[in-house]
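**Q** Here you go, final_38.cif (mmCIF, C-alpha atoms and all ligand atoms):
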data_input
loop_
_atom_site.label_atom_id
_atom_site.label_comp_id
_atom_site.auth_asym_id
_atom_site.auth_seq_id
_atom_site.Cartn_x
_atom_site.Cartn_y
_atom_site.Cartn_z
CA MET A 131 0.00 0.00 0.00
CA LYS A 132 1.21 3.49 -0.81
CA THR A 133 0.70 5.92 2.04
CA LYS A 134 -0.65 9.30 0.94
CA ILE A 135 0.79 12.23 2.88
CA THR A 136 -1.42 15.29 2.63
CA HIS A 137 -1.71 18.81 4.05
CA SER A 138 -5.45 18.84 3.35
CA GLU A 139 -7.91 17.95 6.10
CA LYS A 140 -10.52 17.45 3.38
CA VAL A 141 -8.44 14.93 1.46
CA ALA A 142 -7.60 13.04 4.68
CA ALA A 143 -11.29 12.96 5.62
CA THR A 144 -12.20 11.27 2.32
CA PHE A 145 -10.11 8.31 3.37
CA ILE A 146 -12.08 7.97 6.62
CA LYS A 147 -15.35 8.24 4.69
CA ASN A 148 -14.17 5.41 2.44
CA GLY A 149 -13.47 3.06 5.33
CA LYS A 150 -9.73 3.70 5.38
CA LEU A 151 -7.32 4.71 8.17
CA VAL A 152 -5.64 8.08 8.65
CA GLY A 153 -2.75 9.14 10.89
CA PHE A 154 -3.56 12.65 12.11
CA PRO A 155 -2.04 15.31 14.38
CA THR A 156 -3.42 16.32 17.76
CA GLU A 157 -2.02 18.57 20.49
CA THR A 158 -1.11 15.52 22.65
CA VAL A 159 0.24 12.87 20.27
CA TYR A 160 -0.67 11.74 16.73
CA GLY A 161 -3.70 9.46 16.38
CA LEU A 162 -4.54 6.60 14.01
CA GLY A 163 -8.17 7.15 13.09
CA ALA A 164 -11.15 5.26 11.67
CA ASN A 165 -14.87 6.00 11.41
CA VAL A 166 -16.19 4.91 14.83
CA PHE A 167 -19.28 3.39 13.16
CA ASP A 168 -17.31 1.30 10.64
CA GLU A 169 -16.40 -2.01 12.32
CA ASP A 170 -14.14 -3.18 9.51
CA ALA A 171 -12.12 0.02 9.66
CA VAL A 172 -11.87 -0.21 13.46
CA LYS A 173 -10.64 -3.81 13.14
CA LYS A 174 -7.85 -2.59 10.89
CA ILE A 175 -6.59 -0.24 13.60
CA PHE A 176 -5.96 -3.16 15.95
CA LYS A 177 -4.34 -5.15 13.18
CA ILE A 178 -1.86 -2.60 11.89
CA LYS A 179 -0.88 -1.37 15.36
CA ASN A 180 -0.62 -4.92 16.63
CA ARG A 181 -2.80 -3.73 19.51
CA PRO A 182 -4.31 -6.17 22.02
CA ALA A 183 -8.09 -6.40 21.48
CA ASP A 184 -8.74 -5.72 25.17
CA ASN A 185 -7.39 -2.18 24.94
CA PRO A 186 -10.25 0.20 24.02
CA LEU A 187 -9.98 3.26 21.77
CA ILE A 188 -10.63 6.94 22.41
CA VAL A 189 -13.34 8.48 20.23
CA HIS A 190 -12.48 11.96 18.95
CA ILE A 191 -15.10 14.61 18.26
CA SER A 192 -15.07 18.03 16.62
CA ASP A 193 -18.10 19.37 18.44
CA VAL A 194 -19.71 18.72 21.83
CA SER A 195 -23.04 17.97 20.10
CA GLN A 196 -21.54 14.68 18.83
CA ILE A 197 -21.31 13.28 22.36
CA ASN A 198 -24.98 12.32 22.31
CA LEU A 199 -24.27 9.86 19.51
CA LEU A 200 -21.85 8.02 21.77
CA ILE A 201 -23.28 7.88 25.29
CA GLN A 202 -26.32 6.80 27.27
CA LYS A 203 -26.40 9.74 29.59
CA MET A 204 -24.38 12.75 30.56
CA THR A 205 -23.16 12.99 34.17
CA PRO A 206 -22.61 16.20 36.18
CA ILE A 207 -18.90 15.39 36.42
CA ALA A 208 -18.51 15.01 32.67
CA LYS A 209 -20.52 18.18 32.11
CA LYS A 210 -18.16 20.17 34.32
CA ILE A 211 -15.08 18.77 32.59
CA ILE A 212 -16.53 19.58 29.19
CA GLU A 213 -17.33 23.13 30.28
CA ASN A 214 -13.89 23.73 31.72
CA PHE A 215 -11.46 21.68 29.64
CA PHE A 216 -12.97 20.88 26.23
CA PRO A 217 -11.42 21.17 23.73
CA GLY A 218 -8.13 20.00 25.20
CA PRO A 219 -5.80 17.22 26.35
CA ILE A 220 -8.39 15.38 28.45
CA THR A 221 -10.55 12.30 27.81
CA ILE A 222 -13.82 11.55 29.60
CA ILE A 223 -15.23 8.09 30.26
CA LEU A 224 -19.02 7.67 30.23
CA LYS A 225 -21.50 4.81 29.85
CA LYS A 226 -21.64 4.03 26.16
CA ASN A 227 -24.56 4.12 23.78
CA LEU A 228 -25.37 0.50 22.85
CA ILE A 229 -24.99 1.19 19.12
CA ILE A 230 -21.24 1.60 19.65
CA SER A 231 -19.37 -1.51 18.61
CA ASP A 232 -17.71 -3.61 21.32
CA LEU A 233 -14.59 -3.51 19.18
CA VAL A 234 -14.18 0.20 19.91
CA THR A 235 -14.68 -0.19 23.66
CA ALA A 236 -13.06 -3.63 23.98
CA GLY A 237 -16.30 -5.01 25.37
CA LEU A 238 -16.56 -2.43 28.17
CA ASP A 239 -19.89 -0.73 28.81
CA THR A 240 -18.12 2.64 28.85
CA ILE A 241 -16.64 4.83 26.14
CA ALA A 242 -13.70 7.26 26.09
CA ILE A 243 -14.34 10.65 24.42
CA ARG A 244 -11.99 13.51 23.62
CA MET A 245 -12.30 16.79 21.73
CA PRO A 246 -8.81 17.89 20.63
CA SER A 247 -7.91 21.57 20.79
CA ASP A 248 -5.79 21.46 17.64
CA ILE A 249 -7.72 23.40 14.98
CA SER A 250 -6.56 21.22 12.09
CA THR A 251 -7.62 18.08 13.99
CA ARG A 252 -11.11 19.42 14.56
CA LYS A 253 -11.43 20.53 10.94
CA PHE A 254 -10.43 17.02 9.86
CA ILE A 255 -12.98 15.36 12.17
CA GLU A 256 -15.65 17.77 11.02
CA TYR A 257 -14.98 16.88 7.36
CA CYS A 258 -15.16 13.19 8.29
CA GLY A 259 -18.78 13.81 9.27
CA THR A 260 -18.45 11.27 12.10
CA PRO A 261 -16.61 10.85 15.38
CA VAL A 262 -13.21 9.25 14.81
CA ALA A 263 -11.98 6.33 16.92
CA ALA A 264 -8.23 6.56 17.37
CA PRO A 265 -5.45 5.24 19.53
CA SER A 266 -1.98 6.78 19.32
CA ALA A 267 -0.50 6.20 15.85
CA ASN A 268 2.49 4.06 16.89
CA ILE A 269 3.09 0.35 16.70
CA SER A 270 1.94 -0.96 20.11
CA GLY A 271 4.70 -0.78 22.68
CA SER A 272 6.80 1.90 20.98
CA PRO A 273 6.75 5.55 22.06
CA SER A 274 3.69 7.51 20.96
CA PRO A 275 4.33 9.62 17.84
CA THR A 276 4.65 13.36 18.34
CA SER A 277 5.39 14.28 14.72
CA TRP A 278 4.12 13.17 11.33
CA LYS A 279 7.57 11.74 10.68
CA HIS A 280 7.20 9.38 13.64
CA VAL A 281 3.89 8.15 12.21
CA ASN A 282 5.53 7.72 8.84
CA ALA A 283 8.41 5.77 10.42
CA ASP A 284 6.02 3.33 12.15
CA LEU A 285 3.18 3.06 9.64
CA ASN A 286 4.36 3.93 6.12
CA GLY A 287 2.97 1.31 3.76
CA LYS A 288 0.47 0.19 6.41
CA VAL A 289 -1.73 3.27 6.82
CA ASP A 290 -3.69 4.73 3.90
CA CYS A 291 -3.05 8.39 4.64
CA ILE A 292 -1.15 10.67 7.00
CA LEU A 293 -2.43 14.19 7.58
CA TRP A 294 0.61 16.43 7.87
CA GLY A 295 0.76 18.57 10.99
CA LYS A 296 3.10 20.33 13.36
CA ASN A 297 4.91 18.58 16.19
CA SER A 298 2.46 17.85 19.01
CA GLU A 299 2.31 20.69 21.51
CA HIS A 300 2.09 18.56 24.68
CA GLY A 301 3.94 15.41 23.60
CA ILE A 302 2.24 13.05 26.05
CA GLU A 303 -1.18 11.47 25.88
CA SER A 304 -4.35 12.99 27.34
CA THR A 305 -5.49 12.75 30.94
CA VAL A 306 -8.14 10.00 31.08
CA VAL A 307 -10.91 10.65 33.63
CA ASP A 308 -13.66 8.25 34.63
CA CYS A 309 -16.81 10.35 34.95
CA THR A 310 -19.23 7.59 35.92
CA GLY A 311 -18.70 7.66 39.70
CA LYS A 312 -19.34 10.08 42.54
CA PHE A 313 -16.03 11.85 41.99
CA PRO A 314 -13.84 12.22 38.92
CA LYS A 315 -11.21 9.47 38.86
CA ILE A 316 -7.97 9.85 36.91
CA LEU A 317 -7.20 6.60 35.09
CA ARG A 318 -4.20 7.96 33.20
CA PRO A 319 -2.34 11.16 34.18
CA GLY A 320 -1.71 13.75 31.47
CA SER A 321 -1.23 17.48 30.88
CA VAL A 322 -4.44 18.36 32.69
CA SER A 323 -3.21 17.80 36.25
CA ILE A 324 -4.90 16.79 39.50
CA LYS A 325 -4.53 20.40 40.62
CA ASP A 326 -6.31 21.65 37.51
CA LEU A 327 -9.20 19.29 38.27
CA GLU A 328 -9.19 20.19 41.96
CA LYS A 329 -9.94 23.78 40.99
CA ILE A 330 -13.42 22.68 39.93
CA PHE A 331 -14.06 19.51 42.00
CA SER A 332 -14.00 19.12 45.79
CA LYS A 333 -12.36 15.71 45.44
CA VAL A 334 -10.40 13.99 42.68
CA GLU A 335 -9.59 10.29 42.84
CA MET A 336 -6.59 8.59 41.34
CA GLU A 337 -6.77 5.03 40.05
CA LYS A 338 -4.11 2.80 41.55
CA ILE A 339 -2.95 0.06 39.24
CA PRO A 340 -3.53 -3.20 41.09
CA LYS A 341 -0.67 -5.69 41.33
CA ASN A 342 -2.64 -8.22 39.27
CA GLY A 343 -2.44 -5.73 36.39
CA ILE A 344 -6.18 -5.51 35.87
CA ALA A 345 -6.38 -1.76 35.63
CA LYS A 346 -9.68 -0.01 35.01
CA SER A 347 -8.10 1.75 32.06
CA PRO A 348 -6.97 -1.37 30.25
CA GLY A 349 -4.18 0.38 28.38
CA MET A 350 -2.34 1.17 31.61
CA LYS A 351 -1.32 -2.42 32.20
CA TYR A 352 0.75 -2.71 29.06
CA LYS A 353 4.42 -1.86 28.83
CA HIS A 354 4.34 1.37 26.94
CA TYR A 355 6.28 4.27 25.63
CA SER A 356 9.51 2.30 25.51
CA PRO A 357 12.36 2.78 23.11
CA GLU A 358 14.73 -0.08 22.27
CA ALA A 359 17.31 1.42 24.61
CA GLU A 360 17.30 0.68 28.31
CA ILE A 361 15.86 3.56 30.35
CA ILE A 362 17.50 4.48 33.64
CA LEU A 363 16.03 7.17 35.87
CA VAL A 364 18.48 9.40 37.75
CA LYS A 365 18.17 12.36 40.11
CA SER A 366 21.07 14.10 38.44
CA PRO A 367 23.39 13.40 35.49
CA SER A 368 26.25 13.07 38.00
CA GLU A 369 24.87 9.55 38.60
CA ILE A 370 25.84 8.48 35.07
CA PRO A 371 28.86 6.17 35.44
CA LEU A 372 30.89 7.77 32.65
CA GLU A 373 34.16 5.99 33.47
CA SER A 374 32.91 2.42 33.23
CA ILE A 375 30.76 2.54 30.07
CA SER A 376 31.20 3.41 26.45
CA THR A 377 30.01 7.00 26.18
CA THR A 378 29.21 6.52 22.51
CA LYS A 379 26.22 4.37 23.47
CA ILE A 380 24.55 6.55 26.06
CA GLY A 381 22.08 9.39 26.05
CA PHE A 382 20.69 11.78 28.64
CA ILE A 383 17.58 13.96 28.79
CA GLY A 384 17.04 16.44 31.59
CA PHE A 385 17.68 19.95 32.79
CA GLU A 386 21.41 19.92 32.13
CA ILE A 387 23.73 19.11 29.26
CA VAL A 388 26.16 16.21 29.50
CA ARG A 389 29.00 16.77 27.09
CA ARG A 390 30.89 13.48 27.07
CA ILE A 391 28.10 11.26 25.81
CA ALA A 392 26.65 10.54 22.37
CA LYS A 393 23.34 12.32 22.81
CA SER A 394 22.25 14.85 25.37
CA LYS A 395 19.02 16.86 25.37
CA ARG A 396 18.52 19.79 27.65
CA VAL A 397 14.96 20.76 28.50
CA SER A 398 13.84 24.01 30.09
CA THR A 399 10.68 23.03 31.98
CA LYS A 400 8.66 19.89 32.76
CA GLU A 401 6.26 20.83 29.96
CA ASN A 402 9.17 21.13 27.57
CA TYR A 403 10.53 17.78 28.83
CA ALA A 404 7.17 16.09 28.10
CA LYS A 405 7.03 17.66 24.66
CA HIS A 406 10.44 16.28 23.63
CA LEU A 407 10.59 12.97 25.50
CA PHE A 408 9.21 10.55 22.91
CA ASP A 409 11.07 12.25 20.07
CA PHE A 410 14.29 11.93 22.06
CA PHE A 411 13.64 8.22 22.66
CA ARG A 412 13.16 7.67 18.94
CA LYS A 413 16.26 9.68 17.98
CA CYS A 414 18.36 7.66 20.42
CA ASP A 415 17.10 4.40 18.91
CA GLU A 416 17.97 5.63 15.41
CA ILE A 417 21.64 6.04 16.30
CA GLY A 418 21.94 2.88 18.36
CA ILE A 419 22.05 4.35 21.87
CA GLU A 420 21.88 1.49 24.39
CA LYS A 421 21.14 3.30 27.64
CA ILE A 422 19.17 6.50 28.08
CA TYR A 423 19.50 8.25 31.42
CA CYS A 424 16.42 10.38 32.18
CA GLN A 425 16.36 12.97 34.92
CA LYS A 426 13.53 12.49 37.39
CA VAL A 427 11.09 15.34 38.05
CA ASP A 428 8.83 16.24 40.98
CA MET A 429 5.20 15.11 40.85
CA GLU A 430 3.64 18.58 40.72
CA GLY A 431 1.46 19.49 37.71
CA ILE A 432 2.50 17.61 34.59
CA GLY A 433 5.30 16.00 36.67
CA LEU A 434 3.00 13.13 37.67
CA ALA A 435 2.23 12.27 34.03
CA LEU A 436 5.87 12.64 33.04
CA MET A 437 7.08 10.36 35.86
CA ASN A 438 4.33 7.88 34.89
CA ARG A 439 5.67 7.72 31.31
CA LEU A 440 9.31 7.61 32.46
CA SER A 441 8.66 4.80 34.96
CA LYS A 442 6.75 2.83 32.35
CA ALA A 443 9.54 3.25 29.84
CA ALA A 444 11.98 2.08 32.51
CA GLY A 445 9.76 -0.97 33.00
CA LYS A 446 9.09 -0.02 36.62
CA ASN A 447 5.29 -0.40 36.38
O1 LIG B 1 -3.93 11.99 23.84
C1 LIG B 1 -4.50 10.91 23.61
O2 LIG B 1 -5.30 10.41 24.40
C2 LIG B 1 -4.15 10.22 22.29
C3 LIG B 1 -4.65 11.08 21.13
C4 LIG B 1 -4.50 10.39 19.80
O3 LIG B 1 -5.97 11.46 21.38
N1 LIG B 1 -4.73 8.90 22.25
C5 LIG B 1 -4.27 7.87 22.98
O4 LIG B 1 -4.93 6.69 22.74
O5 LIG B 1 -3.37 7.96 23.78
P1 LIG B 1 -4.42 5.28 23.26
O6 LIG B 1 -5.30 4.31 22.62
O7 LIG B 1 -3.00 5.15 23.02
O8 LIG B 1 -4.78 5.31 24.79
C6 LIG B 1 -6.12 5.27 25.19
C7 LIG B 1 -6.21 5.02 26.67
C8 LIG B 1 -5.81 3.60 26.99
O9 LIG B 1 -5.07 3.59 28.22
C9 LIG B 1 -7.17 2.92 27.14
O10 LIG B 1 -7.12 1.80 27.98
C10 LIG B 1 -8.00 4.04 27.76
O11 LIG B 1 -7.57 5.20 27.08
N2 LIG B 1 -9.45 3.83 27.52
C11 LIG B 1 -10.11 3.85 26.36
N3 LIG B 1 -11.41 3.57 26.55
C12 LIG B 1 -11.58 3.36 27.86
C13 LIG B 1 -12.70 3.01 28.70
N4 LIG B 1 -13.91 2.82 28.20
N5 LIG B 1 -12.48 2.87 30.03
C14 LIG B 1 -11.25 3.07 30.56
N6 LIG B 1 -10.16 3.39 29.84
C15 LIG B 1 -10.32 3.53 28.50
MG MG B 2 -1.13 4.52 22.84
#
Please go through the file and, once you have read it, give me the structure as structure tokens.

**A**
Amino acid sequence: MKTKITHSEKVAATFIKNGKLVGFPTETVYGLGANVFDEDAVKKIFKIKNRPADNPLIVHISDVSQINLLIQKMTPIAKKIIENFFPGPITIILKKNLIISDLVTAGLDTIAIRMPSDISTRKFIEYCGTPVAAPSANISGSPSPTSWKHVNADLNGKVDCILWGKNSEHGIESTVVDCTGKFPKILRPGSVSIKDLEKIFSKVEMEKIPKNGIAKSPGMKYKHYSPEAEIILVKSPSEIPLESISTTKIGFIGFEIVRRIAKSKRVSTKENYAKHLFDFFRKCDEIGIEKIYCQKVDMEGIGLALMNRLSKAAGKN
């Protein structure tokens, strides 16, 4: 298959209308989309990503009015999140409308919904004329794509079309919030932080991943976001044992520059760290880096989501 790369949201949308798949930009990471009501197209997503069938997809909308097509009933919690954070890097979980295929929701009775803030993304979804089911546009297990080139590297020849876009503004996936209970419950941390949610809710819960791995957000149990290289978390680059290892095979990302190693990326803030992390992982893999040292961050704000991705990449949970 030849992958069409286009700058036109309209052209990309024609592929979705014809039952095909499209890699598209969003402000978090790039998505791999299909018409949510087209089971055959949805099946293809799982196939080309090599994604386990028990990991449900997020459904992307261009307008809040589309939510009614997807759910049974709105909850006060979801309503508040929509009012305060849509469009943006946050996904709400609600009881699903029974017309939604079990393939999309991996058999769950709930559905994940997100309205991206990226203008081009919303234009694309609007032209599709339907909500678009989409996981991140990487092969399962590899770091999520934050540029169209990453999508091209993973899916060229497998995906029908890639909608060109800028590098993703946030660089890590959306905050996933269960809105079906008494309080909002964060199933996956992201750029919208606990503190942001606490500004509008008296209590915010945080899902703990049980030891048996059966997380409520099924995707959280899989090893994720990992490059080929081994990831080692350090407080400071002074912990890198430069004397005993070949410095041509190591990389570092954090708030400083390390000059004696093959690849070093200095970031200015935690937000900036999140934005560049997955791209740095991929660049290290391209040049055969074997160990990537990543500077730990505090858990404030986006720090929680960043440490979640770093620990997962390091295989710590
Ligand atoms: O920022 C994002 O969320 C990106 C962009 C493309 O929107 N998408 C993304 O999708 O990260 P994916 O498939 O890589 O991750 C979706 C997460 C998984 O952890 C999945 O288990 C969870 O959302 N999820 C989806 N439906 C769910 C449901 N009904 N209940 C609980 N968790 C759900
Ligand atoms: Mg993903």

**Q** Of the residues A:Ser195, A:Thr377, A:Ser356, A:Ser366, which is the one nearest to ligand MG 2 (chain B), using only C-alpha atoms and all ligand atoms?

**A**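 When distances to ligand MG 2 (chain B) are compared using only C-alpha atoms and all ligand atoms, the smallest one comes from A:Ser356.
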
**Q** Within 10 Å of ligand MG 2 (chain B), counting all atoms listed in the file, which protein or nucleic acid residues do you find, written as a PDB file with C-alpha atoms, in the frame of the given file?

**A**
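Saved as out.pdb:
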ATOM      1  CA  VAL A 159       0.240  12.870  20.270  1.00  0.00           C
ATOM      2  CA  TYR A 160      -0.670  11.740  16.730  1.00  0.00           C
ATOM      3  CA  GLY A 161      -3.700   9.460  16.380  1.00  0.00           C
ATOM      4  CA  LEU A 162      -4.540   6.600  14.010  1.00  0.00           C
ATOM      5  CA  LYS A 179      -0.880  -1.370  15.360  1.00  0.00           C
ATOM      6  CA  ARG A 181      -2.800  -3.730  19.510  1.00  0.00           C
ATOM      7  CA  ASN A 185      -7.390  -2.180  24.940  1.00  0.00           C
ATOM      8  CA  LEU A 187      -9.980   3.260  21.770  1.00  0.00           C
ATOM      9  CA  ILE A 188     -10.630   6.940  22.410  1.00  0.00           C
ATOM     10  CA  ALA A 264      -8.230   6.560  17.370  1.00  0.00           C
ATOM     11  CA  PRO A 265      -5.450   5.240  19.530  1.00  0.00           C
ATOM     12  CA  SER A 266      -1.980   6.780  19.320  1.00  0.00           C
ATOM     13  CA  ALA A 267      -0.500   6.200  15.850  1.00  0.00           C
ATOM     14  CA  ASN A 268       2.490   4.060  16.890  1.00  0.00           C
ATOM     15  CA  ILE A 269       3.090   0.350  16.700  1.00  0.00           C
ATOM     16  CA  SER A 270       1.940  -0.960  20.110  1.00  0.00           C
ATOM     17  CA  GLY A 271       4.700  -0.780  22.680  1.00  0.00           C
ATOM     18  CA  SER A 272       6.800   1.900  20.980  1.00  0.00           C
ATOM     19  CA  PRO A 273       6.750   5.550  22.060  1.00  0.00           C
ATOM     20  CA  SER A 274       3.690   7.510  20.960  1.00  0.00           C
ATOM     21  CA  PRO A 275       4.330   9.620  17.840  1.00  0.00           C
ATOM     22  CA  ILE A 302       2.240  13.050  26.050  1.00  0.00           C
ATOM     23  CA  GLU A 303      -1.180  11.470  25.880  1.00  0.00           C
ATOM     24  CA  GLY A 349      -4.180   0.380  28.380  1.00  0.00           C
ATOM     25  CA  MET A 350      -2.340   1.170  31.610  1.00  0.00           C
ATOM     26  CA  TYR A 352       0.750  -2.710  29.060  1.00  0.00           C
ATOM     27  CA  HIS A 354       4.340   1.370  26.940  1.00  0.00           C
ATOM     28  CA  TYR A 355       6.280   4.270  25.630  1.00  0.00           C
TER      29      TYR A 355
END

**Q** With all atoms listed in the file as the atoms that count, which of A:Ser277, A:Ile135, A:Leu228, A:Arg318 lies nearest to ligand LIG 1 (chain B)?

**A** A:Arg318

**Q** Could you list, with a cut-off of 8 Å and counting all atoms listed in the file, the residues of segment 213-294 of chain A near segment 172-177 of chain A, each shown with its nearest atom pair and the distance in Å rounded to one decimal, rows sorted by chain and ascending number, as a Markdown table?

**A**
| residue | atom | partner | partner_atom | distance |
| --- | --- | --- | --- | --- |
| A:Leu233 | CA | A:Val172 | CA | 7.1 |
| A:Val234 | CA | A:Val172 | CA | 6.9 |
| A:Ala263 | CA | A:Val172 | CA | 7.4 |
| A:Ala264 | CA | A:Ile175 | CA | 7.9 |

**Q** Applying 12 Å and all atoms listed in the file, which residues near Ile223 of chain A remain after dropping the ones on its own chain fewer than 6 positions away? List them as a PyMOL selection string.

**A** chain A and resi 186-189+197+200-205+207-209+211-212+235+238-244+305-311+314-318+346-347

**Q** Deliver the residues from the most recent selection as a file, using C-alpha atoms, as a PDB file, keeping the file's coordinate frame.

**A**
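Just written: result-v5.pdb:
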ATOM      1  CA  PRO A 186     -10.250   0.200  24.020  1.00  0.00           C
ATOM      2  CA  LEU A 187      -9.980   3.260  21.770  1.00  0.00           C
ATOM      3  CA  ILE A 188     -10.630   6.940  22.410  1.00  0.00           C
ATOM      4  CA  VAL A 189     -13.340   8.480  20.230  1.00  0.00           C
ATOM      5  CA  ILE A 197     -21.310  13.280  22.360  1.00  0.00           C
ATOM      6  CA  LEU A 200     -21.850   8.020  21.770  1.00  0.00           C
ATOM      7  CA  ILE A 201     -23.280   7.880  25.290  1.00  0.00           C
ATOM      8  CA  GLN A 202     -26.320   6.800  27.270  1.00  0.00           C
ATOM      9  CA  LYS A 203     -26.400   9.740  29.590  1.00  0.00           C
ATOM     10  CA  MET A 204     -24.380  12.750  30.560  1.00  0.00           C
ATOM     11  CA  THR A 205     -23.160  12.990  34.170  1.00  0.00           C
ATOM     12  CA  ILE A 207     -18.900  15.390  36.420  1.00  0.00           C
ATOM     13  CA  ALA A 208     -18.510  15.010  32.670  1.00  0.00           C
ATOM     14  CA  LYS A 209     -20.520  18.180  32.110  1.00  0.00           C
ATOM     15  CA  ILE A 211     -15.080  18.770  32.590  1.00  0.00           C
ATOM     16  CA  ILE A 212     -16.530  19.580  29.190  1.00  0.00           C
ATOM     17  CA  THR A 235     -14.680  -0.190  23.660  1.00  0.00           C
ATOM     18  CA  LEU A 238     -16.560  -2.430  28.170  1.00  0.00           C
ATOM     19  CA  ASP A 239     -19.890  -0.730  28.810  1.00  0.00           C
ATOM     20  CA  THR A 240     -18.120   2.640  28.850  1.00  0.00           C
ATOM     21  CA  ILE A 241     -16.640   4.830  26.140  1.00  0.00           C
ATOM     22  CA  ALA A 242     -13.700   7.260  26.090  1.00  0.00           C
ATOM     23  CA  ILE A 243     -14.340  10.650  24.420  1.00  0.00           C
ATOM     24  CA  ARG A 244     -11.990  13.510  23.620  1.00  0.00           C
ATOM     25  CA  THR A 305      -5.490  12.750  30.940  1.00  0.00           C
ATOM     26  CA  VAL A 306      -8.140  10.000  31.080  1.00  0.00           C
ATOM     27  CA  VAL A 307     -10.910  10.650  33.630  1.00  0.00           C
ATOM     28  CA  ASP A 308     -13.660   8.250  34.630  1.00  0.00           C
ATOM     29  CA  CYS A 309     -16.810  10.350  34.950  1.00  0.00           C
ATOM     30  CA  THR A 310     -19.230   7.590  35.920  1.00  0.00           C
ATOM     31  CA  GLY A 311     -18.700   7.660  39.700  1.00  0.00           C
ATOM     32  CA  PRO A 314     -13.840  12.220  38.920  1.00  0.00           C
ATOM     33  CA  LYS A 315     -11.210   9.470  38.860  1.00  0.00           C
ATOM     34  CA  ILE A 316      -7.970   9.850  36.910  1.00  0.00           C
ATOM     35  CA  LEU A 317      -7.200   6.600  35.090  1.00  0.00           C
ATOM     36  CA  ARG A 318      -4.200   7.960  33.200  1.00  0.00           C
ATOM     37  CA  LYS A 346      -9.680  -0.010  35.010  1.00  0.00           C
ATOM     38  CA  SER A 347      -8.100   1.750  32.060  1.00  0.00           C
TER      39      SER A 347
END

**Q** Dig up all the protein and nucleic acid residues within 7 Å of (6.5, 17.5, 25.7) in the file frame, using all atoms listed in the file, and format them as a PDB file with C-alpha atoms, keeping the file's coordinate frame.

**A**
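This is the output file selection-v5.pdb:
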ATOM      1  CA  GLU A 299       2.310  20.690  21.510  1.00  0.00           C
ATOM      2  CA  HIS A 300       2.090  18.560  24.680  1.00  0.00           C
ATOM      3  CA  GLY A 301       3.940  15.410  23.600  1.00  0.00           C
ATOM      4  CA  ILE A 302       2.240  13.050  26.050  1.00  0.00           C
ATOM      5  CA  GLU A 401       6.260  20.830  29.960  1.00  0.00           C
ATOM      6  CA  ASN A 402       9.170  21.130  27.570  1.00  0.00           C
ATOM      7  CA  TYR A 403      10.530  17.780  28.830  1.00  0.00           C
ATOM      8  CA  ALA A 404       7.170  16.090  28.100  1.00  0.00           C
ATOM      9  CA  LYS A 405       7.030  17.660  24.660  1.00  0.00           C
ATOM     10  CA  HIS A 406      10.440  16.280  23.630  1.00  0.00           C
ATOM     11  CA  LEU A 407      10.590  12.970  25.500  1.00  0.00           C
TER      12      LEU A 407
END

**Q** Neighbours of Cys424 of chain A within 8 Å (only C-alpha atoms; same-chain residues fewer than 3 positions away dropped), as a ChimeraX atom specification?

**A** /A:361-364,382-384,440

**Q** As an exercise, work out the distance from atom CA of Ala142 of chain A to atom CA of Glu157 of chain A in Å and give it to one decimal place.

**A**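 Going from atom CA of Ala142 of chain A over to atom CA of Glu157 of chain A, I get 17.7 Å.
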